[in-house]
$ cat coords_21.cif   # mmCIF, C-alpha atoms, pLDDT in the B column; chains and numbers go by the auth columns
data_target
#
loop_
_atom_site.group_PDB
_atom_site.id
_atom_site.type_symbol
_atom_site.label_atom_id
_atom_site.label_comp_id
_atom_site.label_asym_id
_atom_site.label_seq_id
_atom_site.Cartn_x
_atom_site.Cartn_y
_atom_site.Cartn_z
_atom_site.B_iso_or_equiv
_atom_site.auth_seq_id
_atom_site.auth_asym_id
ATOM 1 C CA MET A 1 -10.743 84.260 21.566 48.00 1 A
ATOM 2 C CA ARG A 2 -13.292 84.354 18.764 46.00 2 A
ATOM 3 C CA ARG A 3 -10.907 86.418 16.665 47.00 3 A
ATOM 4 C CA TRP A 4 -8.177 83.807 16.984 41.00 4 A
ATOM 5 C CA LEU A 5 -10.598 80.983 16.217 39.00 5 A
ATOM 6 C CA TRP A 6 -11.703 82.868 13.107 37.00 6 A
ATOM 7 C CA ARG A 7 -8.086 83.305 12.022 44.00 7 A
ATOM 8 C CA LEU A 8 -7.402 79.593 12.481 41.00 8 A
ATOM 9 C CA ARG A 9 -10.522 78.745 10.518 45.00 9 A
ATOM 10 C CA THR A 10 -9.533 80.990 7.616 47.00 10 A
ATOM 11 C CA LEU A 11 -5.956 79.697 7.721 51.00 11 A
ATOM 12 C CA PHE A 12 -7.106 76.097 7.298 56.00 12 A
ATOM 13 C CA TYR A 13 -9.925 76.814 4.888 70.00 13 A
ATOM 14 C CA PHE A 14 -9.491 74.719 1.753 81.00 14 A
ATOM 15 C CA ALA A 15 -11.464 75.858 -1.283 88.00 15 A
ATOM 16 C CA PRO A 16 -13.260 73.007 -3.108 91.00 16 A
ATOM 17 C CA THR A 17 -11.588 73.360 -6.522 93.00 17 A
ATOM 18 C CA ALA A 18 -8.099 73.713 -5.062 93.00 18 A
ATOM 19 C CA LEU A 19 -8.717 70.729 -2.784 93.00 19 A
ATOM 20 C CA THR A 20 -10.013 68.661 -5.713 94.00 20 A
ATOM 21 C CA LEU A 21 -6.884 69.418 -7.734 94.00 21 A
ATOM 22 C CA VAL A 22 -4.670 68.413 -4.821 94.00 22 A
ATOM 23 C CA VAL A 23 -6.526 65.103 -4.444 94.00 23 A
ATOM 24 C CA VAL A 24 -6.129 64.411 -8.173 95.00 24 A
ATOM 25 C CA PHE A 25 -2.416 65.232 -8.054 95.00 25 A
ATOM 26 C CA LEU A 26 -1.899 62.954 -5.051 94.00 26 A
ATOM 27 C CA PHE A 27 -3.808 60.129 -6.745 94.00 27 A
ATOM 28 C CA VAL A 28 -1.740 60.415 -9.933 93.00 28 A
ATOM 29 C CA TYR A 29 1.496 60.494 -7.945 91.00 29 A
ATOM 30 C CA SER A 30 0.448 57.403 -5.962 90.00 30 A
ATOM 31 C CA VAL A 31 -0.292 55.502 -9.162 87.00 31 A
ATOM 32 C CA THR A 32 3.022 56.454 -10.744 86.00 32 A
ATOM 33 C CA ALA A 33 4.938 55.686 -7.528 83.00 33 A
ATOM 34 C CA ILE A 34 3.454 52.188 -7.377 80.00 34 A
ATOM 35 C CA GLY A 35 4.112 51.762 -11.072 72.00 35 A
ATOM 36 C CA SER A 36 7.806 52.471 -10.633 68.00 36 A
ATOM 37 C CA HIS A 37 8.243 48.813 -9.678 68.00 37 A
ATOM 38 C CA VAL A 38 6.383 47.417 -12.680 66.00 38 A
ATOM 39 C CA PHE A 39 8.499 46.818 -15.759 68.00 39 A
ATOM 40 C CA PHE A 40 7.556 46.409 -19.414 67.00 40 A
ATOM 41 C CA TYR A 41 10.289 45.635 -21.929 68.00 41 A
ATOM 42 C CA GLY A 42 12.927 47.134 -19.647 68.00 42 A
ATOM 43 C CA TYR A 43 10.946 50.274 -18.799 73.00 43 A
ATOM 44 C CA SER A 44 8.892 50.954 -15.688 80.00 44 A
ATOM 45 C CA PHE A 45 5.256 51.992 -15.815 81.00 45 A
ATOM 46 C CA THR A 46 6.293 55.356 -14.369 83.00 46 A
ATOM 47 C CA GLU A 47 8.795 55.952 -17.164 83.00 47 A
ATOM 48 C CA ALA A 48 6.135 55.128 -19.731 84.00 48 A
ATOM 49 C CA ILE A 49 3.630 57.517 -18.114 87.00 49 A
ATOM 50 C CA ASN A 50 6.200 60.307 -17.933 87.00 50 A
ATOM 51 C CA ALA A 51 7.116 59.796 -21.580 87.00 51 A
ATOM 52 C CA LEU A 52 3.493 59.825 -22.736 90.00 52 A
ATOM 53 C CA PHE A 53 2.185 62.632 -20.541 93.00 53 A
ATOM 54 C CA GLY A 54 5.269 64.673 -19.637 92.00 54 A
ATOM 55 C CA LEU A 55 6.202 67.619 -21.840 92.00 55 A
ATOM 56 C CA ASN A 56 8.709 66.750 -24.568 92.00 56 A
ATOM 57 C CA TRP A 57 9.179 68.665 -27.807 91.00 57 A
ATOM 58 C CA THR A 58 9.805 65.627 -30.004 91.00 58 A
ATOM 59 C CA LEU A 59 6.624 63.842 -28.936 92.00 59 A
ATOM 60 C CA LEU A 60 4.592 67.065 -28.909 93.00 60 A
ATOM 61 C CA THR A 61 5.396 67.641 -32.575 92.00 61 A
ATOM 62 C CA GLN A 62 4.470 64.025 -33.319 92.00 62 A
ATOM 63 C CA GLY A 63 0.865 64.533 -32.208 92.00 63 A
ATOM 64 C CA PHE A 64 1.019 64.299 -28.398 94.00 64 A
ATOM 65 C CA TYR A 65 -0.853 67.588 -28.125 95.00 65 A
ATOM 66 C CA TRP A 66 -2.196 66.872 -24.644 95.00 66 A
ATOM 67 C CA GLN A 67 1.251 67.162 -23.043 95.00 67 A
ATOM 68 C CA PRO A 68 1.145 70.931 -22.238 95.00 68 A
ATOM 69 C CA VAL A 69 -1.746 70.106 -19.902 95.00 69 A
ATOM 70 C CA THR A 70 -0.961 66.615 -18.628 95.00 70 A
ATOM 71 C CA TYR A 71 2.658 67.348 -17.675 94.00 71 A
ATOM 72 C CA MET A 72 1.337 69.371 -14.729 94.00 72 A
ATOM 73 C CA PHE A 73 -0.144 66.255 -13.117 94.00 73 A
ATOM 74 C CA LEU A 74 3.201 64.459 -12.860 91.00 74 A
ATOM 75 C CA HIS A 75 5.878 65.116 -10.234 88.00 75 A
ATOM 76 C CA ASP A 76 9.472 64.058 -9.747 81.00 76 A
ATOM 77 C CA GLY A 77 9.666 62.980 -6.125 79.00 77 A
ATOM 78 C CA ARG A 78 7.856 63.662 -2.872 82.00 78 A
ATOM 79 C CA LEU A 79 9.566 66.990 -2.135 81.00 79 A
ATOM 80 C CA HIS A 80 8.601 68.354 -5.549 80.00 80 A
ATOM 81 C CA LEU A 81 5.006 67.258 -4.966 87.00 81 A
ATOM 82 C CA PHE A 82 4.893 68.478 -1.354 88.00 82 A
ATOM 83 C CA PHE A 83 5.831 72.099 -2.041 84.00 83 A
ATOM 84 C CA ASN A 84 3.541 72.389 -5.048 88.00 84 A
ATOM 85 C CA MET A 85 0.588 70.926 -3.149 90.00 85 A
ATOM 86 C CA LEU A 86 1.323 73.059 -0.078 85.00 86 A
ATOM 87 C CA ILE A 87 1.158 76.273 -2.097 84.00 87 A
ATOM 88 C CA LEU A 88 -1.802 75.069 -4.146 90.00 88 A
ATOM 89 C CA LEU A 89 -3.788 74.092 -1.056 87.00 89 A
ATOM 90 C CA PHE A 90 -3.139 77.160 1.109 81.00 90 A
ATOM 91 C CA PHE A 91 -2.394 79.956 -1.367 80.00 91 A
ATOM 92 C CA GLY A 92 -4.638 78.533 -4.078 87.00 92 A
ATOM 93 C CA SER A 93 -7.567 78.372 -1.682 86.00 93 A
ATOM 94 C CA GLY A 94 -7.145 82.076 -0.987 82.00 94 A
ATOM 95 C CA VAL A 95 -7.119 82.855 -4.701 86.00 95 A
ATOM 96 C CA GLU A 96 -10.192 80.724 -5.343 90.00 96 A
ATOM 97 C CA ALA A 97 -12.083 82.373 -2.487 86.00 97 A
ATOM 98 C CA GLU A 98 -11.525 85.736 -4.182 84.00 98 A
ATOM 99 C CA VAL A 99 -11.983 84.985 -7.887 87.00 99 A
ATOM 100 C CA GLY A 100 -14.188 81.872 -7.873 89.00 100 A
ATOM 101 C CA GLY A 101 -13.611 78.308 -9.015 90.00 101 A
ATOM 102 C CA LYS A 102 -13.877 78.868 -12.784 91.00 102 A
ATOM 103 C CA ARG A 103 -11.379 81.726 -12.923 92.00 103 A
ATOM 104 C CA PHE A 104 -9.141 79.878 -10.479 93.00 104 A
ATOM 105 C CA VAL A 105 -8.967 76.944 -12.904 94.00 105 A
ATOM 106 C CA GLY A 106 -8.387 79.346 -15.799 94.00 106 A
ATOM 107 C CA ILE A 107 -5.476 81.051 -14.043 94.00 107 A
ATOM 108 C CA PHE A 108 -3.892 77.764 -13.007 95.00 108 A
ATOM 109 C CA PHE A 109 -4.008 76.018 -16.364 96.00 109 A
ATOM 110 C CA PHE A 110 -3.249 79.135 -18.403 96.00 110 A
ATOM 111 C CA GLY A 111 -0.069 79.721 -16.418 95.00 111 A
ATOM 112 C CA GLY A 112 0.844 76.045 -16.496 95.00 112 A
ATOM 113 C CA ILE A 113 0.440 75.769 -20.270 96.00 113 A
ATOM 114 C CA VAL A 114 2.287 79.023 -21.009 95.00 114 A
ATOM 115 C CA GLY A 115 4.997 78.073 -18.515 93.00 115 A
ATOM 116 C CA GLY A 116 5.498 74.684 -20.170 93.00 116 A
ATOM 117 C CA LEU A 117 5.676 76.165 -23.666 94.00 117 A
ATOM 118 C CA GLY A 118 8.036 78.824 -22.354 91.00 118 A
ATOM 119 C CA TRP A 119 10.222 76.079 -20.915 89.00 119 A
ATOM 120 C CA LEU A 120 10.458 74.573 -24.383 91.00 120 A
ATOM 121 C CA ALA A 121 11.452 77.965 -25.782 90.00 121 A
ATOM 122 C CA VAL A 122 14.206 78.391 -23.187 83.00 122 A
ATOM 123 C CA LEU A 123 15.407 74.865 -23.911 83.00 123 A
ATOM 124 C CA ALA A 124 15.584 75.707 -27.613 85.00 124 A
ATOM 125 C CA LEU A 125 17.623 78.828 -26.826 82.00 125 A
ATOM 126 C CA SER A 126 19.895 77.135 -24.273 74.00 126 A
ATOM 127 C CA PRO A 127 22.703 76.425 -26.785 74.00 127 A
ATOM 128 C CA TYR A 128 23.013 80.177 -27.321 73.00 128 A
ATOM 129 C CA LEU A 129 23.089 81.036 -23.593 65.00 129 A
ATOM 130 C CA PRO A 130 26.290 81.155 -21.454 61.00 130 A
ATOM 131 C CA GLU A 131 27.750 77.798 -20.519 59.00 131 A
ATOM 132 C CA LEU A 132 26.497 76.607 -17.121 53.00 132 A
ATOM 133 C CA PRO A 133 29.934 76.249 -15.480 50.00 133 A
ATOM 134 C CA HIS A 134 30.615 79.934 -16.220 51.00 134 A
ATOM 135 C CA THR A 135 27.694 81.042 -14.060 51.00 135 A
ATOM 136 C CA ALA A 136 27.653 78.365 -11.368 51.00 136 A
ATOM 137 C CA GLY A 137 31.338 77.767 -10.726 55.00 137 A
ATOM 138 C CA TRP A 138 31.154 79.642 -7.436 52.00 138 A
ATOM 139 C CA VAL A 139 28.713 77.156 -5.822 53.00 139 A
ATOM 140 C CA PRO A 140 30.506 75.122 -3.092 55.00 140 A
ATOM 141 C CA GLN A 141 30.615 71.356 -3.507 56.00 141 A
ATOM 142 C CA TRP A 142 28.589 70.709 -0.341 50.00 142 A
ATOM 143 C CA LEU A 143 25.824 72.970 -1.658 50.00 143 A
ATOM 144 C CA ARG A 144 25.867 71.207 -5.019 50.00 144 A
ATOM 145 C CA THR A 145 24.880 67.969 -3.283 49.00 145 A
ATOM 146 C CA ILE A 146 21.739 69.619 -1.864 46.00 146 A
ATOM 147 C CA LEU A 147 20.559 71.824 -4.728 50.00 147 A
ATOM 148 C CA PRO A 148 19.021 70.434 -7.931 48.00 148 A
ATOM 149 C CA MET A 149 22.000 71.237 -10.137 47.00 149 A
ATOM 150 C CA ALA A 150 21.471 70.896 -13.866 50.00 150 A
ATOM 151 C CA ASN A 151 24.060 68.985 -15.846 49.00 151 A
ATOM 152 C CA GLY A 152 23.547 70.788 -19.146 51.00 152 A
ATOM 153 C CA SER A 153 22.741 67.531 -20.978 56.00 153 A
ATOM 154 C CA GLU A 154 19.091 68.382 -21.711 63.00 154 A
ATOM 155 C CA THR A 155 18.307 69.382 -25.262 68.00 155 A
ATOM 156 C CA LEU A 156 15.113 70.210 -27.103 68.00 156 A
ATOM 157 C CA ALA A 157 15.035 66.626 -28.386 68.00 157 A
ATOM 158 C CA ASN A 158 15.454 64.764 -25.083 75.00 158 A
ATOM 159 C CA GLY A 159 14.333 67.284 -22.430 80.00 159 A
ATOM 160 C CA MET A 160 11.343 66.352 -20.296 86.00 160 A
ATOM 161 C CA CYS A 161 9.322 68.710 -18.069 88.00 161 A
ATOM 162 C CA ILE A 162 6.867 67.572 -15.389 89.00 162 A
ATOM 163 C CA GLY A 163 5.213 69.291 -12.428 89.00 163 A
ATOM 164 C CA ALA A 164 2.543 71.849 -11.550 90.00 164 A
ATOM 165 C CA SER A 165 4.979 74.629 -10.661 88.00 165 A
ATOM 166 C CA GLY A 166 4.054 76.769 -13.667 91.00 166 A
ATOM 167 C CA GLY A 167 0.401 76.746 -12.623 93.00 167 A
ATOM 168 C CA VAL A 168 1.254 77.321 -8.968 92.00 168 A
ATOM 169 C CA PHE A 169 3.405 80.353 -9.783 91.00 169 A
ATOM 170 C CA SER A 170 0.622 81.581 -12.057 93.00 170 A
ATOM 171 C CA LEU A 171 -1.718 81.720 -9.054 92.00 171 A
ATOM 172 C CA ILE A 172 0.828 83.755 -7.100 88.00 172 A
ATOM 173 C CA GLY A 173 1.386 86.112 -10.020 89.00 173 A
ATOM 174 C CA ALA A 174 -2.342 86.621 -10.625 89.00 174 A
ATOM 175 C CA TYR A 175 -3.023 87.331 -6.964 87.00 175 A
ATOM 176 C CA ALA A 176 -0.175 89.860 -6.887 85.00 176 A
ATOM 177 C CA ALA A 177 -1.665 91.635 -9.913 87.00 177 A
ATOM 178 C CA ILE A 178 -5.239 91.650 -8.633 86.00 178 A
ATOM 179 C CA PHE A 179 -4.558 92.376 -4.956 83.00 179 A
ATOM 180 C CA PRO A 180 -1.010 93.795 -4.802 82.00 180 A
ATOM 181 C CA LYS A 181 -1.444 95.337 -1.344 79.00 181 A
ATOM 182 C CA ARG A 182 -3.065 92.340 0.326 77.00 182 A
ATOM 183 C CA GLN A 183 -1.068 90.878 3.192 72.00 183 A
ATOM 184 C CA VAL A 184 -0.349 87.144 2.977 70.00 184 A
ATOM 185 C CA ILE A 185 1.531 84.770 5.269 67.00 185 A
ATOM 186 C CA TRP A 186 4.469 82.911 3.714 68.00 186 A
ATOM 187 C CA PHE A 187 5.681 79.877 5.695 62.00 187 A
ATOM 188 C CA VAL A 188 9.000 78.958 4.018 59.00 188 A
ATOM 189 C CA PRO A 189 11.591 79.010 5.552 62.00 189 A
ATOM 190 C CA PHE A 190 9.724 80.677 8.452 60.00 190 A
ATOM 191 C CA PRO A 191 6.343 82.438 8.765 67.00 191 A
ATOM 192 C CA ILE A 192 6.392 86.057 7.605 69.00 192 A
ATOM 193 C CA ARG A 193 3.666 88.537 6.688 73.00 193 A
ATOM 194 C CA ILE A 194 4.276 90.184 3.338 73.00 194 A
ATOM 195 C CA SER A 195 2.269 91.915 0.631 74.00 195 A
ATOM 196 C CA ALA A 196 1.246 89.810 -2.363 73.00 196 A
ATOM 197 C CA ARG A 197 3.228 92.050 -4.713 75.00 197 A
ATOM 198 C CA TRP A 198 6.461 91.712 -2.744 78.00 198 A
ATOM 199 C CA LEU A 199 5.962 87.981 -2.332 76.00 199 A
ATOM 200 C CA ALA A 200 5.715 87.595 -6.109 78.00 200 A
ATOM 201 C CA ILE A 201 8.794 89.800 -6.611 79.00 201 A
ATOM 202 C CA MET A 202 10.765 87.865 -3.983 78.00 202 A
ATOM 203 C CA LEU A 203 9.897 84.462 -5.468 75.00 203 A
ATOM 204 C CA GLY A 204 10.578 85.738 -8.980 73.00 204 A
ATOM 205 C CA LEU A 205 14.026 87.055 -8.063 74.00 205 A
ATOM 206 C CA LEU A 206 14.837 83.861 -6.166 70.00 206 A
ATOM 207 C CA THR A 207 13.859 81.776 -9.179 68.00 207 A
ATOM 208 C CA VAL A 208 15.875 83.937 -11.581 66.00 208 A
ATOM 209 C CA PHE A 209 18.848 83.528 -9.225 62.00 209 A
ATOM 210 C CA GLU A 210 18.417 79.751 -9.381 62.00 210 A
ATOM 211 C CA VAL A 211 18.026 79.875 -13.155 58.00 211 A
ATOM 212 C CA VAL A 212 21.183 81.911 -13.782 57.00 212 A
ATOM 213 C CA PHE A 213 23.576 81.067 -10.963 55.00 213 A
ATOM 214 C CA ILE A 214 22.738 77.557 -9.718 53.00 214 A
ATOM 215 C CA GLN A 215 22.717 75.655 -13.022 48.00 215 A
ATOM 216 C CA ALA A 216 18.959 75.145 -12.805 50.00 216 A
ATOM 217 C CA ARG A 217 18.216 77.415 -15.750 43.00 217 A
ATOM 218 C CA VAL A 218 15.943 75.070 -17.703 46.00 218 A
ATOM 219 C CA ALA A 219 14.262 73.409 -14.707 59.00 219 A
ATOM 220 C CA TYR A 220 12.992 76.705 -13.330 74.00 220 A
ATOM 221 C CA ALA A 221 12.119 78.494 -16.565 80.00 221 A
ATOM 222 C CA ALA A 222 8.495 77.305 -16.321 85.00 222 A
ATOM 223 C CA HIS A 223 8.231 78.889 -12.854 85.00 223 A
ATOM 224 C CA VAL A 224 9.176 82.366 -14.031 86.00 224 A
ATOM 225 C CA ILE A 225 7.155 82.243 -17.244 90.00 225 A
ATOM 226 C CA GLY A 226 4.123 80.740 -15.504 92.00 226 A
ATOM 227 C CA GLY A 227 4.268 83.457 -12.849 90.00 227 A
ATOM 228 C CA LEU A 228 4.445 86.184 -15.482 91.00 228 A
ATOM 229 C CA ALA A 229 1.529 84.612 -17.366 94.00 229 A
ATOM 230 C CA GLY A 230 -0.566 84.635 -14.195 92.00 230 A
ATOM 231 C CA TYR A 231 0.414 88.226 -13.466 91.00 231 A
ATOM 232 C CA PHE A 232 -0.740 89.435 -16.887 93.00 232 A
ATOM 233 C CA TYR A 233 -3.888 87.349 -16.559 92.00 233 A
ATOM 234 C CA GLY A 234 -4.591 89.177 -13.310 89.00 234 A
ATOM 235 C CA LEU A 235 -3.952 92.554 -14.953 88.00 235 A
ATOM 236 C CA TRP A 236 -6.441 91.580 -17.667 89.00 236 A
ATOM 237 C CA LEU A 237 -9.061 90.789 -15.023 86.00 237 A
ATOM 238 C CA ASN A 238 -8.406 94.154 -13.380 84.00 238 A
ATOM 239 C CA LYS A 239 -8.716 95.950 -16.701 82.00 239 A
ATOM 240 C CA ARG A 240 -12.115 94.358 -17.239 77.00 240 A
ATOM 241 C CA GLY A 241 -13.160 95.622 -13.820 72.00 241 A
ATOM 242 C CA PHE A 242 -13.615 92.267 -12.114 63.00 242 A
ATOM 243 C CA TYR A 243 -11.379 92.761 -9.099 58.00 243 A
ATOM 244 C CA GLY A 244 -8.695 94.919 -7.577 52.00 244 A
ATOM 245 C CA ASP A 245 -7.767 96.594 -4.309 52.00 245 A
#
$ encode --input "coords_21.cif" --output "C-alpha cells"
Amino acid sequence: MRRWLWRLRTLFYFAPTALTLVVVFLFVYSVTAIGSHVFFYGYSFTEAINALFGLNWTLLTQGFYWQPVTYMFLHDGRLHLFFNMLILLFFGSGVEAEVGGKRFVGIFFFGGIVGGLGWLAVLALSPYLPELPHTAGWVPQWLRTILPMANGSETLANGMCIGASGGVFSLIGAYAAIFPKRQVIWFVPFPIRISARWLAIMLGLLTVFEVVFIQARVAYAAHVIGGLAGYFYGLWLNKRGFYGD
C-alpha cells in the first residue's frame, strides 16, 4: 500500500519551476483569449500581441529581438496549450527534479530559442524543398479535416511561429541524453512504459513523419530542432560529468 501511495505521490509531483512556467503560460493565454474580442483599428488585441511577440523574420530583423524568447509564451488554441502544458508539468517536473531549477530553465529556453531560429531556417529553405502536394497527396480527405495540414502559403516574410513546443521537446531530448535507460510513462494515446531514449526517438520519428508526409513541414520544424538542441545540451552536461546513468 505504501509503495502505491509513493508512486502516486511521485506521479503527481510538480516541480516548482515547471509549475511556475505553466502558471505563466496559462495566464498569458487567458489574457490573449480575452483580448480576442477587443478590436483596435480592425485588429484584435490577440492579433497585436501575436504580431509583437510571436516569431516573425521581418519584425525580428527590424529590431524585435525579444521574439525568439517571447514566442514560446503564446499558443494557438486550447489543444495546442493543453499538450504543451501536460508535458511540461509532468515530464518537465521529472527533469527538474534531476537537474535542478536553473539547468531546467536553461534546457527549456535554449531548446526553444534554437528551435524557433531553426524554424526560420526551414522556412527560408522551404521554396527549395519538394512541393507539399507531392508528399501529402496520399492523406485521405477525412484525415485532412482532423490534422493540422499546412497550406504552403507561409513564407519567410509572413510566417509566424508561436508555442512552447521547441522548449518542451528540448526537455525530452535532454532527458534522453542524460538518462537514456531511465523508464518513463507516456500517456498519449494510452499509458506505456518506455525508456527515455526510445521515447525521444519515437517522438522524433513521428514529428519527421508529420513534417514530410502530412504537409506540416514548417509547423513542426521547431519540434525536431528543439529536441535535437536539448539532446546535445544533455550530452554536454554528461561530458562535464554532471549527470548520467
$ residues_around --input "coords_21.cif" --residues "segment 63-71 of chain A" --least-positions-apart "6" --cutoff "9 Å" --atoms "only C-alpha atoms" --output "MDAnalysis selection string"
chainID A and resid 50 52:56 109 112:117 161:164
$ write_last_selection --input "coords_21.cif" --atoms "C-alpha atoms" --output "compact mmCIF listing (two decimals), keeping the file's coordinate frame"
# COMPACT_ATOMS: atom_id res chain seq x y z
CA ASN A 50 6.20 60.31 -17.93
CA LEU A 52 3.49 59.82 -22.74
CA PHE A 53 2.18 62.63 -20.54
CA GLY A 54 5.27 64.67 -19.64
CA LEU A 55 6.20 67.62 -21.84
CA ASN A 56 8.71 66.75 -24.57
CA PHE A 109 -4.01 76.02 -16.36
CA GLY A 112 0.84 76.04 -16.50
CA ILE A 113 0.44 75.77 -20.27
CA VAL A 114 2.29 79.02 -21.01
CA GLY A 115 5.00 78.07 -18.52
CA GLY A 116 5.50 74.68 -20.17
CA LEU A 117 5.68 76.17 -23.67
CA CYS A 161 9.32 68.71 -18.07
CA ILE A 162 6.87 67.57 -15.39
CA GLY A 163 5.21 69.29 -12.43
CA ALA A 164 2.54 71.85 -11.55
$ resolve_selection --input "coords_21.cif" --expression "the PyMOL selection byres ((chain A and resi 82) around 12)" --output "mmCIF file with C-alpha atoms, keeping the file's coordinate frame"
data_model
loop_
_atom_site.group_PDB
_atom_site.id
_atom_site.type_symbol
_atom_site.label_atom_id
_atom_site.label_comp_id
_atom_site.auth_asym_id
_atom_site.auth_seq_id
_atom_site.Cartn_x
_atom_site.Cartn_y
_atom_site.Cartn_z
ATOM 1 C CA VAL A 22 -4.670 68.413 -4.821
ATOM 2 C CA PHE A 25 -2.416 65.232 -8.054
ATOM 3 C CA LEU A 26 -1.899 62.954 -5.051
ATOM 4 C CA TYR A 29 1.496 60.494 -7.945
ATOM 5 C CA HIS A 75 5.878 65.116 -10.234
ATOM 6 C CA ASP A 76 9.472 64.058 -9.747
ATOM 7 C CA GLY A 77 9.666 62.980 -6.125
ATOM 8 C CA ARG A 78 7.856 63.662 -2.872
ATOM 9 C CA LEU A 79 9.566 66.990 -2.135
ATOM 10 C CA HIS A 80 8.601 68.354 -5.549
ATOM 11 C CA LEU A 81 5.006 67.258 -4.966
ATOM 12 C CA PHE A 83 5.831 72.099 -2.041
ATOM 13 C CA ASN A 84 3.541 72.389 -5.048
ATOM 14 C CA MET A 85 0.588 70.926 -3.149
ATOM 15 C CA LEU A 86 1.323 73.059 -0.078
ATOM 16 C CA ILE A 87 1.158 76.273 -2.097
ATOM 17 C CA LEU A 88 -1.802 75.069 -4.146
ATOM 18 C CA LEU A 89 -3.788 74.092 -1.056
ATOM 19 C CA GLY A 163 5.213 69.291 -12.428
ATOM 20 C CA ALA A 164 2.543 71.849 -11.550
ATOM 21 C CA SER A 165 4.979 74.629 -10.661
#
$ resolve_selection --input "coords_21.cif" --expression "the PyMOL selection byres ((chain A and resi 172) around 8)" --output "number ranges by chain"
A: 91, 168-171, 173-176, 196, 200, 227, 230-231
$ atom_distance --input "coords_21.cif" --atom1 "atom CA of Thr20 of chain A" --atom2 "atom CA of Glu96 of chain A"
12.1 Å
$ atom_distance --input "coords_21.cif" --atom1 "atom CA of Gly159 of chain A" --atom2 "atom CA of Ser44 of chain A"
18.5 Å
$ closest_residue --input "coords_21.cif" --among "A:Ile49, A:Ile178, A:Leu237, A:Ile201" --to "Val224 of chain A" --atoms "all atoms listed in the file"
A:Ile201
$ closest_residue --input "coords_21.cif" --among "A:Trp198, A:Tyr220, A:Phe14, A:Phe179" --to "Glu98 of chain A" --atoms "only C-alpha atoms"
A:Phe179
$ closest_residue --input "coords_21.cif" --among "A:Leu125, A:Met72, A:Val99, A:Val184" --to "His223 of chain A" --atoms "only C-alpha atoms"
A:Met72
$ atom_distance --input "coords_21.cif" --atom1 "atom CA of Ser93 of chain A" --atom2 "atom CA of Tyr13 of chain A"
7.2 Å
$ closest_residue --input "coords_21.cif" --among "A:Arg193, A:Gly100, A:Ser30, A:Asn158" --to "Leu123 of chain A" --atoms "all atoms listed in the file"
A:Asn158
$ closest_residue --input "coords_21.cif" --among "A:Ile34, A:Ala177, A:Ile225, A:Ala48" --to "Gly111 of chain A" --atoms "all atoms listed in the file"
A:Ile225
$ resolve_selection --input "coords_21.cif" --expression "the PyMOL selection byres ((chain A and resi 183) around 6)" --output "ChimeraX atom specification"
/A:182,184,194-195
$ closest_residue --input "coords_21.cif" --among "A:Ala51, A:Leu60, A:Ile107, A:Val24" --to "Leu235 of chain A" --atoms "all atoms listed in the file"
A:Ile107
